[in-house]
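Asker: Dumping the structure here so I can ask a few things about it.
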Amino acid sequence: LQFLYFIDMTHKWSASEKGAHWCDTTVASIAAMYKKNSAPSFLAAAELMIKASKNIIENPTEPKFRTLRTRNPTISQKILRCVSADDALSGMGWINTVVDMEEKLLWDKGEEEFERLRLGISELQKYIDEIKEKAAFDPKLKEQRERDSVMKLIESDKEERARVEAQKLKNRTAKELEEKRKNEPANVGTILPPPAPSDDKN
């Protein structure tokens, strides 16, 4: 019994050490993200990481939320370019893998490990709040946030205008085809009778 108790305690210690490892990695990596990146870069990465993590927690049986395509411009430019973000993602449980010949980030853990995501969300949110608090008193940070908001609005407006123009072109093309069909001669392919002989003998 003492031997079995020793084995059981060894297993618990091992699990505890693993938990402490990812916990330390997550906390340290997110702190490094905050220190080594500009405020706008950190905010962009942190907000996306929080969103991805919450999607998993709120939709535990939905596989699509457990995969992030590293070739996706939003992921590659806003998260992976952020210094130490890859270490933070690893601490939160994400792993690099290849699926269907494409490199992706995968979260393949069970619900019992959601604590890793919750810790990451908590740490990221802590620094987001700190940046926003500083921005309230720092004109430069506030100005940068305002510029970023304006740029987002501009990009959103461009996308909306492009969508509207594409729909207009589609409607115009459909209308032109319909008009063309209406204007086609109805007697195409028929043989007309010869003209009647004229009674004029002159």
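Chain lettering (A, B, ...) mirrors the order of the structure tokens, residue numbering begins at 1 for each chain separately, and ligand numbering begins at 1 in order of display.
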Give me, as number ranges by chain, all polymer residues having an atom no more than 10 Å from Ile79 in chain A, counting only C-alpha atoms and skipping those fewer than 6 positions away in the same chain.

Answerer: A: 41-49, 70, 73, 85-86, 89

Asker: When you look at Leu117 in chain A with a cut-off of 10 Å (counting only C-alpha atoms), what residues show up, excluding the ones that are within fewer than 4 positions of it in the same chain? I need them as a list in words.

Answerer: Thr26, Met49, Ile50, Ala52, Ser53, Lys54, Ile56, Ile57, Leu89, Gly91, Met92, Gly93, Trp94, Trp107, Glu113, Ile121, Ser122 and Glu123 of chain A

Asker: Residues of range 10-173 of chain A classed as strand (DSSP E) by DSSP on the backbone are to be reported as JSON, numbers by chain.

Answerer: {"A": [67, 68, 69, 95, 96, 97, 98, 99, 102, 103, 104, 105, 106]}

Asker: Calculate how many Å separate CA of Val27 in chain A from CA of Leu119 in chain A, rounding to one decimal.

Answerer: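 Separating CA of Val27 in chain A from CA of Leu119 in chain A is a distance of 8.1 Å.
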
Asker: Quick one, how far is CA of Glu184 in chain A from CA of Leu169 in chain A?

Answerer: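 Rounded to one decimal, the two atoms are 22.7 Å apart.
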
Asker: Tell me, which residues of range 32-104 of chain A carry DSSP helix (DSSP H, G or I), written as an MDAnalysis selection string?

Answerer: chainID A and resid 32:36 39:58 63:66 73:79 85:91

Asker: Could those selected residues go to a file with C-alpha atoms, as a compact mmCIF listing (two decimals), in the first residue's frame?

Answerer:
```
# COMPACT_ATOMS: atom_id res chain seq x y z
CA ALA A 32 7.49 39.62 -22.63
CA MET A 33 4.93 40.39 -25.35
CA TYR A 34 3.89 43.46 -23.41
CA LYS A 35 7.45 44.68 -22.86
CA LYS A 36 8.95 43.94 -26.29
CA ALA A 39 1.26 49.18 -27.54
CA PRO A 40 -0.72 48.98 -30.83
CA SER A 41 1.06 45.74 -31.85
CA PHE A 42 0.43 44.15 -28.46
CA LEU A 43 -3.22 45.20 -28.44
CA ALA A 44 -3.85 43.81 -31.93
CA ALA A 45 -2.29 40.44 -31.05
CA ALA A 46 -3.80 40.23 -27.56
CA GLU A 47 -7.34 40.97 -28.70
CA LEU A 48 -7.17 38.27 -31.38
CA MET A 49 -5.67 35.73 -28.96
CA ILE A 50 -8.45 36.44 -26.45
CA LYS A 51 -11.09 36.09 -29.16
CA ALA A 52 -9.64 32.75 -30.36
CA SER A 53 -9.48 31.43 -26.80
CA LYS A 54 -13.03 32.49 -25.93
CA ASN A 55 -14.32 30.87 -29.11
CA ILE A 56 -12.96 27.52 -27.92
CA ILE A 57 -14.33 27.86 -24.39
CA GLU A 58 -17.76 29.00 -25.58
CA PRO A 63 -13.70 21.94 -34.39
CA LYS A 64 -13.35 25.04 -36.59
CA PHE A 65 -12.52 27.23 -33.58
CA ARG A 66 -9.62 24.95 -32.59
CA PRO A 73 -2.90 37.52 -43.05
CA THR A 74 -4.66 38.46 -39.81
CA ILE A 75 -2.91 35.67 -37.89
CA SER A 76 0.51 36.04 -39.52
CA GLN A 77 0.69 39.84 -39.42
CA LYS A 78 -1.06 40.64 -36.16
CA ILE A 79 -0.21 37.68 -33.91
CA ALA A 85 3.42 35.63 -29.04
CA ASP A 86 4.40 32.14 -30.21
CA ASP A 87 5.65 31.27 -26.71
CA ALA A 88 2.46 32.64 -25.17
CA LEU A 89 0.34 30.57 -27.55
CA SER A 90 2.36 27.48 -26.65
CA GLY A 91 1.83 28.10 -22.95
```

Asker: So that I can check the surroundings of Ile131 in chain A, please list as an MDAnalysis selection string every protein, DNA and RNA residue that reaches within 9 Å of it, counting only C-alpha atoms and ignoring chain neighbours fewer than 4 positions away.

Answerer: chainID A and resid 39 43 126:127 135:136 141

Asker: For the selection just defined, write its residues with N, CA, C and O atoms to a file, as a PDB file, in the first residue's frame.

Answerer:
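Listed below is the output, out-v9.pdb:
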```pdb
ATOM      1  N   ALA A  39       2.612  49.337 -28.085  1.00  0.00           N
ATOM      2  CA  ALA A  39       1.259  49.175 -27.542  1.00  0.00           C
ATOM      3  C   ALA A  39       0.254  48.756 -28.610  1.00  0.00           C
ATOM      4  O   ALA A  39      -0.520  47.809 -28.392  1.00  0.00           O
ATOM      5  N   LEU A  43      -1.757  45.198 -28.511  1.00  0.00           N
ATOM      6  CA  LEU A  43      -3.218  45.203 -28.441  1.00  0.00           C
ATOM      7  C   LEU A  43      -3.836  44.387 -29.568  1.00  0.00           C
ATOM      8  O   LEU A  43      -4.770  43.618 -29.345  1.00  0.00           O
ATOM      9  N   LYS A 126      -5.189  41.841 -18.592  1.00  0.00           N
ATOM     10  CA  LYS A 126      -4.548  42.691 -17.583  1.00  0.00           C
ATOM     11  C   LYS A 126      -3.689  43.768 -18.251  1.00  0.00           C
ATOM     12  O   LYS A 126      -3.755  44.952 -17.882  1.00  0.00           O
ATOM     13  N   TYR A 127      -2.910  43.360 -19.254  1.00  0.00           N
ATOM     14  CA  TYR A 127      -2.044  44.317 -19.939  1.00  0.00           C
ATOM     15  C   TYR A 127      -2.829  45.227 -20.888  1.00  0.00           C
ATOM     16  O   TYR A 127      -2.461  46.385 -21.093  1.00  0.00           O
ATOM     17  N   ALA A 135      -3.184  55.133 -21.836  1.00  0.00           N
ATOM     18  CA  ALA A 135      -3.604  55.932 -22.998  1.00  0.00           C
ATOM     19  C   ALA A 135      -4.492  57.101 -22.584  1.00  0.00           C
ATOM     20  O   ALA A 135      -4.522  58.139 -23.250  1.00  0.00           O
ATOM     21  N   ALA A 136      -5.206  56.923 -21.489  1.00  0.00           N
ATOM     22  CA  ALA A 136      -6.087  57.991 -21.023  1.00  0.00           C
ATOM     23  C   ALA A 136      -5.291  59.217 -20.576  1.00  0.00           C
ATOM     24  O   ALA A 136      -5.802  60.341 -20.576  1.00  0.00           O
ATOM     25  N   LEU A 141      -0.192  57.780 -27.013  1.00  0.00           N
ATOM     26  CA  LEU A 141      -0.890  56.494 -27.096  1.00  0.00           C
ATOM     27  C   LEU A 141      -2.343  56.695 -27.512  1.00  0.00           C
ATOM     28  O   LEU A 141      -2.887  55.934 -28.313  1.00  0.00           O
TER      29      LEU A 141
END
```

Asker: Give the answer as one residue: which of A:Arg163, A:Arg81, A:Arg116, A:Arg172 has the shortest atom-to-atom distance to His21 in chain A, using only C-alpha atoms?

Answerer: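 Answer, going by the shortest atom-to-atom distance: A:Arg116.
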
Asker: Residues at most 10 Å from Arg71 in chain A, counting only C-alpha atoms, excluding those fewer than 6 positions away in the same chain, as a PDB file with all heavy atoms, in the first residue's frame?

Answerer:
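Saved result, out_35.pdb, follows:
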```pdb
ATOM      1  N   GLN A  77       0.219  38.461 -39.569  1.00  0.00           N
ATOM      2  CA  GLN A  77       0.690  39.844 -39.424  1.00  0.00           C
ATOM      3  C   GLN A  77       0.405  40.433 -38.046  1.00  0.00           C
ATOM      4  O   GLN A  77       1.178  41.243 -37.551  1.00  0.00           O
ATOM      5  CB  GLN A  77       0.053  40.717 -40.503  1.00  0.00           C
ATOM      6  CG  GLN A  77       0.493  40.352 -41.918  1.00  0.00           C
ATOM      7  CD  GLN A  77      -0.252  41.124 -42.983  1.00  0.00           C
ATOM      8  OE1 GLN A  77      -0.876  42.145 -42.708  1.00  0.00           O
ATOM      9  NE2 GLN A  77      -0.203  40.636 -44.210  1.00  0.00           N
ATOM     10  N   GLU A 102      -0.812  22.109 -44.935  1.00  0.00           N
ATOM     11  CA  GLU A 102      -0.746  23.523 -44.572  1.00  0.00           C
ATOM     12  C   GLU A 102      -0.410  23.646 -43.089  1.00  0.00           C
ATOM     13  O   GLU A 102      -0.974  22.950 -42.253  1.00  0.00           O
ATOM     14  CB  GLU A 102      -2.082  24.207 -44.864  1.00  0.00           C
ATOM     15  CG  GLU A 102      -2.073  25.699 -44.550  1.00  0.00           C
ATOM     16  CD  GLU A 102      -3.401  26.372 -44.824  1.00  0.00           C
ATOM     17  OE1 GLU A 102      -4.346  25.670 -45.275  1.00  0.00           O
ATOM     18  OE2 GLU A 102      -3.507  27.580 -44.589  1.00  0.00           O
ATOM     19  N   GLU A 103       0.530  24.545 -42.779  1.00  0.00           N
ATOM     20  CA  GLU A 103       0.918  24.753 -41.391  1.00  0.00           C
ATOM     21  C   GLU A 103      -0.185  25.508 -40.648  1.00  0.00           C
ATOM     22  O   GLU A 103      -0.691  26.523 -41.128  1.00  0.00           O
ATOM     23  CB  GLU A 103       2.225  25.549 -41.319  1.00  0.00           C
ATOM     24  CG  GLU A 103       2.764  25.672 -39.904  1.00  0.00           C
ATOM     25  CD  GLU A 103       4.100  26.395 -39.833  1.00  0.00           C
ATOM     26  OE1 GLU A 103       4.674  26.673 -40.916  1.00  0.00           O
ATOM     27  OE2 GLU A 103       4.557  26.677 -38.714  1.00  0.00           O
ATOM     28  N   LYS A 104      -0.540  24.995 -39.475  1.00  0.00           N
ATOM     29  CA  LYS A 104      -1.613  25.602 -38.697  1.00  0.00           C
ATOM     30  C   LYS A 104      -1.281  25.560 -37.216  1.00  0.00           C
ATOM     31  O   LYS A 104      -0.397  24.826 -36.773  1.00  0.00           O
ATOM     32  CB  LYS A 104      -2.939  24.864 -38.948  1.00  0.00           C
ATOM     33  CG  LYS A 104      -3.434  24.938 -40.385  1.00  0.00           C
ATOM     34  CD  LYS A 104      -4.767  24.233 -40.552  1.00  0.00           C
ATOM     35  CE  LYS A 104      -5.250  24.311 -42.000  1.00  0.00           C
ATOM     36  NZ  LYS A 104      -6.555  23.653 -42.186  1.00  0.00           N
TER      37      LYS A 104
END
```
